[in-house]
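S.K.: Structure file structure_22.csv (CSV, C-alpha atoms) is given on the next line.
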```
chain,number,residue,atom,x,y,z
A,12,MET,CA,17.5,-5.4,-12.5
A,13,LYS,CA,20.4,-4.1,-10.5
A,14,LEU,CA,21.5,-5.7,-7.2
A,15,LYS,CA,20.9,-2.4,-5.4
A,16,THR,CA,17.3,-2.2,-6.7
A,17,ILE,CA,16.7,-5.8,-5.6
A,18,THR,CA,18.3,-5.2,-2.2
A,19,VAL,CA,16.4,-2.0,-1.4
A,20,ASN,CA,13.1,-3.5,-2.5
A,21,GLY,CA,13.8,-6.5,-0.3
A,22,VAL,CA,14.4,-4.2,2.7
A,23,PHE,CA,11.1,-2.4,2.0
A,24,ALA,CA,9.2,-5.6,1.5
A,25,ALA,CA,10.6,-6.8,4.9
A,26,LEU,CA,9.5,-3.5,6.5
A,27,TYR,CA,6.1,-3.8,5.1
A,28,ILE,CA,5.8,-7.4,6.5
A,29,ALA,CA,7.2,-6.3,9.9
A,30,VAL,CA,4.8,-3.4,10.3
A,31,THR,CA,1.9,-5.5,9.1
A,32,TYR,CA,2.8,-8.1,11.7
A,33,PHE,CA,3.0,-5.7,14.6
A,34,ILE,CA,-0.3,-4.0,13.7
A,35,GLN,CA,-1.9,-7.3,12.6
A,36,PRO,CA,-5.3,-7.1,14.4
A,37,PHE,CA,-6.1,-3.9,12.5
A,38,GLY,CA,-5.0,-5.0,9.1
A,39,PHE,CA,-7.4,-7.8,8.1
A,40,THR,CA,-10.9,-6.8,9.2
A,41,ASN,CA,-13.7,-4.8,7.7
A,42,VAL,CA,-12.3,-1.7,9.5
A,43,GLN,CA,-8.7,-1.7,8.3
A,44,PHE,CA,-5.9,0.4,9.5
A,45,ARG,CA,-3.0,-1.4,7.9
A,46,VAL,CA,-0.2,1.1,8.8
A,47,SER,CA,2.2,-0.6,6.4
A,48,GLU,CA,0.1,0.9,3.6
A,49,ILE,CA,2.1,4.1,3.9
A,50,PHE,CA,4.8,2.3,2.0
A,51,ASN,CA,2.5,2.6,-1.1
A,52,HIS,CA,3.8,6.2,-1.3
A,53,LEU,CA,7.2,5.0,-2.2
A,54,VAL,CA,6.2,4.7,-5.9
A,55,VAL,CA,5.8,8.5,-6.1
A,56,PHE,CA,9.5,8.8,-5.5
A,57,ASN,CA,10.6,6.0,-7.9
A,58,LYS,CA,8.4,3.5,-9.8
A,59,LYS,CA,10.9,0.7,-9.1
A,60,TYR,CA,9.5,0.5,-5.5
A,61,ILE,CA,6.5,-1.3,-6.9
A,62,TYR,CA,8.5,-4.6,-6.6
A,63,GLY,CA,9.2,-4.2,-2.9
A,64,VAL,CA,5.7,-3.0,-2.0
A,65,VAL,CA,4.0,-5.8,-4.0
A,66,LEU,CA,6.3,-8.4,-2.5
A,67,GLY,CA,5.6,-7.1,1.0
A,68,VAL,CA,1.8,-7.3,0.3
A,69,ILE,CA,2.1,-10.9,-1.1
A,70,LEU,CA,4.2,-12.2,1.9
A,71,ALA,CA,2.2,-10.3,4.5
A,72,ASN,CA,-1.1,-11.7,3.1
A,73,PHE,CA,0.4,-15.2,2.8
A,74,PHE,CA,1.7,-15.4,6.3
A,75,PHE,CA,-0.8,-13.3,8.3
A,76,SER,CA,-4.2,-13.2,6.5
A,77,PRO,CA,-7.0,-15.3,7.9
A,78,ILE,CA,-8.4,-15.4,4.3
A,79,MET,CA,-5.1,-15.9,2.5
A,80,ALA,CA,-6.5,-17.2,-0.8
A,81,TYR,CA,-8.8,-14.2,-1.1
A,82,ASP,CA,-6.1,-11.7,0.0
A,83,LEU,CA,-3.6,-13.1,-2.5
A,84,VAL,CA,-6.0,-12.4,-5.3
A,85,PHE,CA,-7.9,-9.2,-4.2
A,86,GLY,CA,-5.4,-7.6,-1.8
A,87,VAL,CA,-2.4,-8.1,-4.1
A,88,GLY,CA,-4.6,-7.2,-7.2
A,89,GLN,CA,-5.8,-4.0,-5.5
A,90,SER,CA,-2.2,-3.0,-4.7
A,91,ILE,CA,-0.9,-3.7,-8.2
A,92,ILE,CA,-3.7,-1.9,-9.9
A,93,SER,CA,-3.4,1.1,-7.6
A,94,LEU,CA,0.4,1.3,-7.8
A,95,LEU,CA,0.2,1.1,-11.6
A,96,ILE,CA,-2.4,3.9,-11.8
A,97,THR,CA,-0.2,6.0,-9.5
A,98,ILE,CA,2.9,5.4,-11.6
A,99,ALA,CA,1.0,6.2,-14.8
A,100,THR,CA,-0.5,9.5,-13.4
A,101,SER,CA,2.8,10.6,-11.8
A,102,LYS,CA,4.1,11.4,-15.3
A,103,PHE,CA,1.6,14.2,-15.5
A,104,ILE,CA,1.7,15.4,-11.9
A,105,LYS,CA,4.5,17.7,-10.7
A,106,GLY,CA,5.6,17.6,-7.1
A,107,ILE,CA,5.8,14.8,-4.5
A,108,ILE,CA,2.9,16.0,-2.3
A,109,PRO,CA,0.4,16.2,-5.2
A,110,ARG,CA,1.5,12.8,-6.3
A,111,MET,CA,1.0,11.4,-2.8
A,112,ILE,CA,-2.5,13.0,-2.7
A,113,VAL,CA,-3.4,11.3,-6.0
A,114,ASN,CA,-1.9,8.0,-4.7
A,115,THR,CA,-4.1,8.3,-1.6
A,116,VAL,CA,-7.2,8.9,-3.6
A,117,VAL,CA,-6.4,6.0,-6.0
A,118,PHE,CA,-5.9,3.6,-3.1
A,119,THR,CA,-9.0,4.8,-1.3
A,120,ILE,CA,-11.2,4.4,-4.4
A,121,THR,CA,-9.8,0.9,-5.3
A,122,MET,CA,-10.7,-0.4,-1.8
A,123,PHE,CA,-13.9,-1.5,-3.5
A,124,LEU,CA,-11.9,-4.6,-4.4
A,125,ILE,CA,-11.2,-5.3,-0.7
A,126,ALA,CA,-14.9,-4.8,0.0
A,127,ILE,CA,-15.8,-7.4,-2.6
A,128,GLU,CA,-13.2,-9.7,-1.1
A,129,LEU,CA,-14.7,-9.3,2.4
A,130,LYS,CA,-18.2,-9.8,1.0
A,131,LEU,CA,-17.2,-13.0,-0.6
A,132,ALA,CA,-15.2,-14.3,2.3
A,133,PHE,CA,-17.4,-13.2,5.2
A,134,HIS,CA,-20.7,-12.2,3.6
A,135,LEU,CA,-20.3,-8.7,4.9
A,136,PRO,CA,-22.5,-6.0,3.3
A,137,PHE,CA,-20.7,-4.4,0.4
A,138,PRO,CA,-21.6,-0.7,0.9
A,139,MET,CA,-20.7,-0.5,4.6
A,140,THR,CA,-17.6,-2.6,4.1
A,141,TYR,CA,-16.4,-0.4,1.2
A,142,LEU,CA,-17.0,2.7,3.4
A,143,THR,CA,-15.1,1.4,6.4
A,144,THR,CA,-12.2,0.0,4.4
A,145,ALA,CA,-11.9,3.1,2.3
A,146,ILE,CA,-12.0,5.3,5.4
A,147,GLY,CA,-9.3,3.2,7.0
A,148,GLU,CA,-7.1,3.3,3.9
A,149,PHE,CA,-7.6,7.0,3.5
A,150,VAL,CA,-6.6,7.8,7.1
A,151,VAL,CA,-3.5,5.7,6.9
A,152,MET,CA,-2.5,7.1,3.5
A,153,VAL,CA,-3.1,10.7,4.6
A,154,ILE,CA,-1.1,10.2,7.8
A,155,GLY,CA,1.6,8.6,5.6
A,156,ILE,CA,2.0,11.7,3.4
A,157,PRO,CA,3.9,13.9,5.9
A,158,ILE,CA,5.8,10.9,7.3
A,159,MET,CA,7.1,9.8,3.9
A,160,TYR,CA,7.7,13.4,2.8
A,161,TYR,CA,9.9,14.1,5.8
A,162,LEU,CA,11.6,10.7,5.7
A,163,ASN,CA,12.4,11.4,2.1
A,164,LYS,CA,14.2,14.6,3.1
A,165,ARG,CA,16.5,12.5,5.2
A,166,VAL,CA,16.7,9.3,3.2
A,167,LYS,CA,16.2,10.5,-0.4
A,168,PHE,CA,14.0,7.7,-1.7
A,169,GLU,CA,14.4,8.7,-5.3
A,170,HIS,CA,18.1,8.1,-5.2
A,171,LEU,CA,18.2,5.2,-2.8
A,172,ILE,CA,17.1,2.7,-5.5
```
Represent the structure contained in this file as structure tokens.
M.R.:
Amino acid sequence: MKLKTITVNGVFAALYIAVTYFIQPFGFTNVQFRVSEIFNHLVVFNKKYIYGVVLGVILANFFFSPIMAYDLVFGVGQSIISLLITIATSKFIKGIIPRMIVNTVVFTITMFLIAIELKLAFHLPFPMTYLTTAIGEFVVMVIGIPIMYYLNKRVKFEHLI
């Protein structure tokens, strides 16, 4: 892996951690609005961003999660699975916005893993927890679409790495 790829992924991992830290009370409950999840959209620009996003999730969950062991398994697992699905489907979907829409749907659907995690850790009811975590993820990811789209106009994510 090139030094530039490692460096850029390190920067985005740090941004994921910083945003998670500052919005911490809303990122680890059964009603989640983890704003840093908008960085999940980076993989639609270049699949190499998976490393920075996953590293950011690992470190944010390690340092800030009240249920770290669960989050390191379920939270990181959900991110990896969703990112890999998005990367695989991106080959067949033309256009950045349609890819971000698919990415949003994938992350929203896979929130069942987070609902399982919260059921195991806190004995929360699965259906309601799945609903609330999926809605929170959906809202953040939808809001992230125009943000990441317009940031890309300025930063050119696909060429940055």
S.K.: Would you compute the distance between CA of Ile125 in chain A and CA of Met159 in chain A? Give it in Å to one decimal.
M.R.: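 Interatomic distance, CA of Ile125 in chain A to CA of Met159 in chain A: 24.2 Å.
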S.K.: Enter the distance from CA of Phe75 in chain A to CA of Phe118 in chain A, in Å, rounded to one decimal.
M.R.: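 Rounded to one decimal, the two atoms are 21.0 Å apart.
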S.K.: When distances are computed from only C-alpha atoms, which of A:Thr143, A:Thr18, A:Asn114, A:Ser93 shows the smallest separation from Phe44 in chain A?
M.R.: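 Of A:Thr143, A:Thr18, A:Asn114, A:Ser93, the one nearest Phe44 in chain A, counting only C-alpha atoms, is A:Thr143.
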S.K.: To one decimal place in Å, what is the distance between CA of Pro109 in chain A and CA of Pro138 in chain A?
M.R.: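 Straight-line distance from CA of Pro109 in chain A to CA of Pro138 in chain A works out to 28.4 Å.
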S.K.: Nearest residue to Tyr160 in chain A out of A:Ile69, A:Ile172, A:Leu124, A:Ile49, using all atoms listed in the file?
M.R.: A:Ile49
S.K.: Rank nothing, just name the residue among A:Val22, A:Leu142, A:Met111, A:Leu135 nearest to Leu53 in chain A, using only C-alpha atoms.
M.R.: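 Looking at the shortest contact to Leu53 in chain A, the residue is A:Met111.
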S.K.: Neighbours of range 27-30 of chain A within 12 Å (all atoms listed in the file; same-chain residues fewer than 2 positions away dropped), as an MDAnalysis selection string?
M.R.: chainID A and resid 20:25 32:38 44:51 53 60 62:76
S.K.: Return the single residue from A:Thr144, A:Ile156, A:Ala99, A:Ile112 that is closest to Lys130 in chain A, with distances computed using only C-alpha atoms.
M.R.: A:Thr144
S.K.: Tell me which protein, DNA and RNA residues are within 12 Å of Ile107 in chain A, counting only C-alpha atoms, leaving out same-chain ones fewer than 3 positions away, and put them as a VMD selection string.
M.R.: chain A and resid 52 to 57 97 101 to 104 110 to 114 156 to 157 159 to 161 163 to 164 167 to 169
S.K.: Counting only C-alpha atoms, which of A:Met122, A:Ile91, A:Ile78, A:Ile127 gets nearest to Glu148 in chain A?
M.R.: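 Using only C-alpha atoms, the shortest distance to Glu148 in chain A belongs to A:Met122.
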S.K.: Return the single residue from A:Leu171, A:Ile146, A:Met152, A:Ile96 that is closest to Ile108 in chain A, with distances computed using only C-alpha atoms.
M.R.: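 Closest to Ile108 in chain A of all the choices is A:Met152.
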